[in-house]
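First comes the structure, then the notes that go with it.
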Amino acid sequence: MIRPCPTRGAAAAFSLSFFLSSFFFSSPLLADEPPKASDPAAEQRLKDLEQKLDVLTKEIEAIRLGEAPSAAPALTLGGAPALALDSASHYGLGPAAARVYARKGVSIGGYGEALYQSFASSKQNGTPSGRTDTIDLSRAVFYFGYKFDDHFVFNSEVEFAHAVAASDKAGEVEIEFAYVDWLSPSRAFRARAGLLLVPMGFLNELHEPPTFFGARRNTVETLILPSTWRELGFGGYGDAGPLAYRLFLVNGLNSGGYSAEGIREGRQEGSLAKARDFALTGRLDFVGVNGLVAGASFFTGCSGQGRTTTFGETVCGRTTVWDLHADFRWRGLSLRALVAGSTIGDTAAINELNGFSGEEGVGSRQRGWYAEAGFDVLTLVSRTKLSLTPFARYEEWDTQRAVPDGFSRNPANDARQWTAGVVFKPIPQVVLKLDGQWRKNAARNGVNQVNVAMGYEF
Amino acid sequence: MTRKTAFLSEADRAEVARRSGGAPPPGLVAYYVASVDGNPAGTAYFDTHVVRTLPETILVAVDPKGAISRIEVLSFSEPEEYLPRGAWYGQFPGKALSDELSENKGVRPVTGATITVRVTVEAARRVLALDAFLKEKSRR
């Protein structure tokens, strides 16, 4: 991690204190006989000292501000003339262009969460659930970014899931994203290329534990929108007035991984991904009101990746995923809703190639939605950094809303769930969560559970 | 526009921190006082703070009544995903140091930029507390 500003600032501060100490301890100003005001030599010495002090304070200020002073915007205060810093004109940028530019260097961050799950002893229909309680370091993620220059930035996240990645353990090590951004002076258009997050829903791009309710991520954005969903590709993003957009061309899904539970295992995640079929994905949000994000997103492309039927026909398996979403925050109130769905073409051929029959078949349509609300009750008391938010969420999903002829729907995939609990943040970056989940499905074998989680981000 | 420098003792810094409810300001503070026809028009301060692991510098302009007249981001070293859009900073003008100057109260949060929101609000509170403190000190 490179943090030149504090280091140089400390060095400068040390130099200043050394200078002042040296001066005062050897100066006649500390002698028993104070210099007379009329002493020209003493007055000159005082003037020199003031001048040196002025230079040093400016130096310290410049070091503390880093590169900022050279790009200070024209500032008017109540009609007063523009603020003119010493080096304000050197950079030659207007306020808009100078608004943001980072120093070069490495940025490090991360997040993680540990989850305890306690399952009910019986299913919805009263039969034993057979589930065993678990506790797990679900993920520890480390972010690394690097600023090459004012235009090129690298961002990445490395995830360690379930603590241990070994042949006899469930853990994995994954690159969650790794891309290079090209930043133009304007926010209207920027370019991105690499392993990037598909810009759908809320959790796929924003899943640090303090940013969402619930010890577990919501199910709709796990099954219908398979978070964390990333693919290799490129495209652009930016702002246009009150709108924010993203549009990327990425490798397509692989229908060889599809199942009755949906498209989740069709993600290729940048790991020797089959690249016969590509897909287009995008997002448009209205962000013109502070506290509100509302928009839509999509993903569409073939998923056959070169597979052919027994008759030699190439399978497209066009998969189109969409969602509508809205998030609103006002004071301590948080409201969020999302509806998502997908359609898959050529499901009969995909099921044949995947070896599925009966209720195992990949559905030709999926659908899900959820709505949640929470209120930070500590916003009602005087200023505190603590946060305590009771919340509730209701969601429904069906990964086999429709199936091709010759296949049947598994009622276990037609489910609904209530989640209710509380989120406590002792500081904004650390979170403790406690909630209960009541799950029912059409097969009547849903299992309720209680969850406790600890999360962090930095 | 006049550039001024304030040297704050440990007690001064602690007092500003108490008023702002956050971290203390540095011991050496440079600020810029603007005046029109001899009347004070406002004061501008720079505040440099760490967002996640890298620093951000903002300029906070304070009007003669002690309320924010403008906030400008001068340097932001974290990825831009963590930087609120310009309209978000438009919430600050007119806000004085009070409970309302808090995220989730008078300042609306930003989905995806919660850390930046928090440190920016803290910086704004720190500057307002410092401005009031320096004015009181100059009147003594």
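Within each chain, counting starts at residue 1; across the structure tokens, chains are named A, B, ... in the order shown, with ligands numbered 1 upward in that order.
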Those in range 17-132 of chain B with strand (DSSP E) from DSSP, as a VMD selection string | chain B and resid 28 to 36 39 to 50 55 to 62 68 to 76
Resulting file, chosen residues, C-alpha atoms, as a CSV table (one decimal), in the first residue's frame:
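Final output, saved to selection-v9.csv:
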```
chain,number,residue,atom,x,y,z
B,28,LEU,CA,-1.6,23.0,11.7
B,29,VAL,CA,-4.6,24.3,9.7
B,30,ALA,CA,-4.4,26.6,6.7
B,31,TYR,CA,-7.5,28.4,5.7
B,32,TYR,CA,-8.6,31.1,3.3
B,33,VAL,CA,-10.8,34.0,4.3
B,34,ALA,CA,-12.7,35.9,1.7
B,35,SER,CA,-14.1,39.4,2.1
B,36,VAL,CA,-16.1,41.8,-0.1
B,39,ASN,CA,-17.0,42.4,5.0
B,40,PRO,CA,-16.4,38.7,5.6
B,41,ALA,CA,-17.8,36.6,2.7
B,42,GLY,CA,-16.7,33.2,3.8
B,43,THR,CA,-13.9,30.8,4.7
B,44,ALA,CA,-12.5,27.8,2.9
B,45,TYR,CA,-10.8,24.8,4.4
B,46,PHE,CA,-9.2,21.8,3.0
B,47,ASP,CA,-9.7,18.4,4.8
B,48,THR,CA,-7.7,15.4,3.9
B,49,HIS,CA,-8.8,12.0,5.3
B,50,VAL,CA,-8.6,8.4,4.5
B,55,PRO,CA,-6.8,9.6,1.0
B,56,GLU,CA,-9.4,12.0,-0.2
B,57,THR,CA,-9.1,15.8,-0.1
B,58,ILE,CA,-12.2,18.0,-0.1
B,59,LEU,CA,-12.6,21.7,0.0
B,60,VAL,CA,-15.3,22.9,2.4
B,61,ALA,CA,-16.5,26.6,2.1
B,62,VAL,CA,-18.2,28.0,5.1
B,68,ILE,CA,-21.6,25.1,4.5
B,69,SER,CA,-21.8,27.0,1.2
B,70,ARG,CA,-20.1,24.4,-0.9
B,71,ILE,CA,-18.1,21.1,-0.9
B,72,GLU,CA,-15.8,20.2,-3.7
B,73,VAL,CA,-13.8,17.0,-4.1
B,74,LEU,CA,-10.3,17.8,-5.1
B,75,SER,CA,-8.6,14.4,-4.9
B,76,PHE,CA,-10.1,10.9,-4.6
```
Near Glu122 in chain B, counting only C-alpha atoms, which residues have an atom at most 8 Å away, once you skip same-chain residues fewer than 4 positions from it, shown as a list in words?
->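 After dropping sequence-adjacent residues, the list is Ser20, Gly22, Ala23, Arg118 and Arg126 of chain B.
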Name all residues at most 8 Å from range 420-428 of chain A (count only C-alpha atoms; drop same-chain ones fewer than 6 positions away) and give them as a list of chain:residue names.
->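 These residues fall inside the cut-off: A:Pro210, A:Phe213, A:Gly214, A:Lys385, A:Leu386, A:Ser387, A:Leu388, A:Thr389, A:Pro390, A:Phe391, A:Ala392, A:Arg393, A:Leu434, A:Asp435, A:Gly436, A:Gln437, B:Ile115.
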Would you list the contacts of Val110 in chain B as a list in words, taking every protein, DNA or RNA residue within 9 Å and counting only C-alpha atoms, but skipping same-chain residues closer than 4 positions in sequence?
->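 The contact residues come out as Asn290, Gly291, Leu292, Val293 and Arg329 of chain A; Pro84, Arg85, Trp88, Thr114, Thr116 and Val117 of chain B.
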Just N, CA and C atoms for this one: save the residues we selected as a PDB file, in the first residue's frame.
```
ATOM      1  N   ASN A 290     -31.380  12.054  -4.629  1.00  0.00           N
ATOM      2  CA  ASN A 290     -30.507  11.497  -3.603  1.00  0.00           C
ATOM      3  C   ASN A 290     -31.241  10.459  -2.778  1.00  0.00           C
ATOM      4  N   GLY A 291     -30.628   9.308  -2.606  1.00  0.00           N
ATOM      5  CA  GLY A 291     -31.234   8.240  -1.829  1.00  0.00           C
ATOM      6  C   GLY A 291     -32.035   7.249  -2.649  1.00  0.00           C
ATOM      7  N   LEU A 292     -32.236   7.534  -3.945  1.00  0.00           N
ATOM      8  CA  LEU A 292     -33.050   6.653  -4.790  1.00  0.00           C
ATOM      9  C   LEU A 292     -32.227   6.090  -5.944  1.00  0.00           C
ATOM     10  N   VAL A 293     -32.333   4.789  -6.134  1.00  0.00           N
ATOM     11  CA  VAL A 293     -31.809   4.130  -7.333  1.00  0.00           C
ATOM     12  C   VAL A 293     -32.945   3.283  -7.891  1.00  0.00           C
ATOM     13  N   ARG A 329     -33.676   5.181   0.187  1.00  0.00           N
ATOM     14  CA  ARG A 329     -33.233   5.400   1.567  1.00  0.00           C
ATOM     15  C   ARG A 329     -33.537   6.824   1.978  1.00  0.00           C
TER      16      ARG A 329
ATOM     17  N   PRO B  84     -19.507   9.402  -4.572  1.00  0.00           N
ATOM     18  CA  PRO B  84     -20.885   9.817  -4.875  1.00  0.00           C
ATOM     19  C   PRO B  84     -20.912  10.757  -6.075  1.00  0.00           C
ATOM     20  N   ARG B  85     -22.059  10.779  -6.739  1.00  0.00           N
ATOM     21  CA  ARG B  85     -22.211  11.700  -7.865  1.00  0.00           C
ATOM     22  C   ARG B  85     -22.305  13.128  -7.349  1.00  0.00           C
ATOM     23  N   TRP B  88     -25.064  14.583  -5.058  1.00  0.00           N
ATOM     24  CA  TRP B  88     -25.093  14.236  -3.641  1.00  0.00           C
ATOM     25  C   TRP B  88     -24.478  15.349  -2.791  1.00  0.00           C
ATOM     26  N   THR B 114     -21.044   3.973   0.903  1.00  0.00           N
ATOM     27  CA  THR B 114     -21.346   4.289   2.299  1.00  0.00           C
ATOM     28  C   THR B 114     -20.133   4.808   3.061  1.00  0.00           C
ATOM     29  N   THR B 116     -17.496   6.458   1.857  1.00  0.00           N
ATOM     30  CA  THR B 116     -17.203   7.824   1.421  1.00  0.00           C
ATOM     31  C   THR B 116     -18.208   8.808   2.009  1.00  0.00           C
ATOM     32  N   VAL B 117     -19.458   8.411   2.040  1.00  0.00           N
ATOM     33  CA  VAL B 117     -20.487   9.267   2.631  1.00  0.00           C
ATOM     34  C   VAL B 117     -20.146   9.568   4.092  1.00  0.00           C
TER      35      VAL B 117
END
```
How many Å lie between CA of Leu378 in chain A and CA of Gly86 in chain B, rounded to one decimal?
->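 One can read the CA of Leu378 in chain A to CA of Gly86 in chain B distance as 28.0 Å.
With distances taken over only C-alpha atoms, B:Arg52 is the one residue among B:Arg52, B:Lys95, B:Lys4, B:Arg19 lying closest to chain A.
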Got a sec: who's within 8 Å of Trp397 in chain A, counting only C-alpha atoms, leaving out chain neighbours fewer than 5 positions off, as an MDAnalysis selection string?
-> chainID A and resid 219:220 224 366:369 413:416
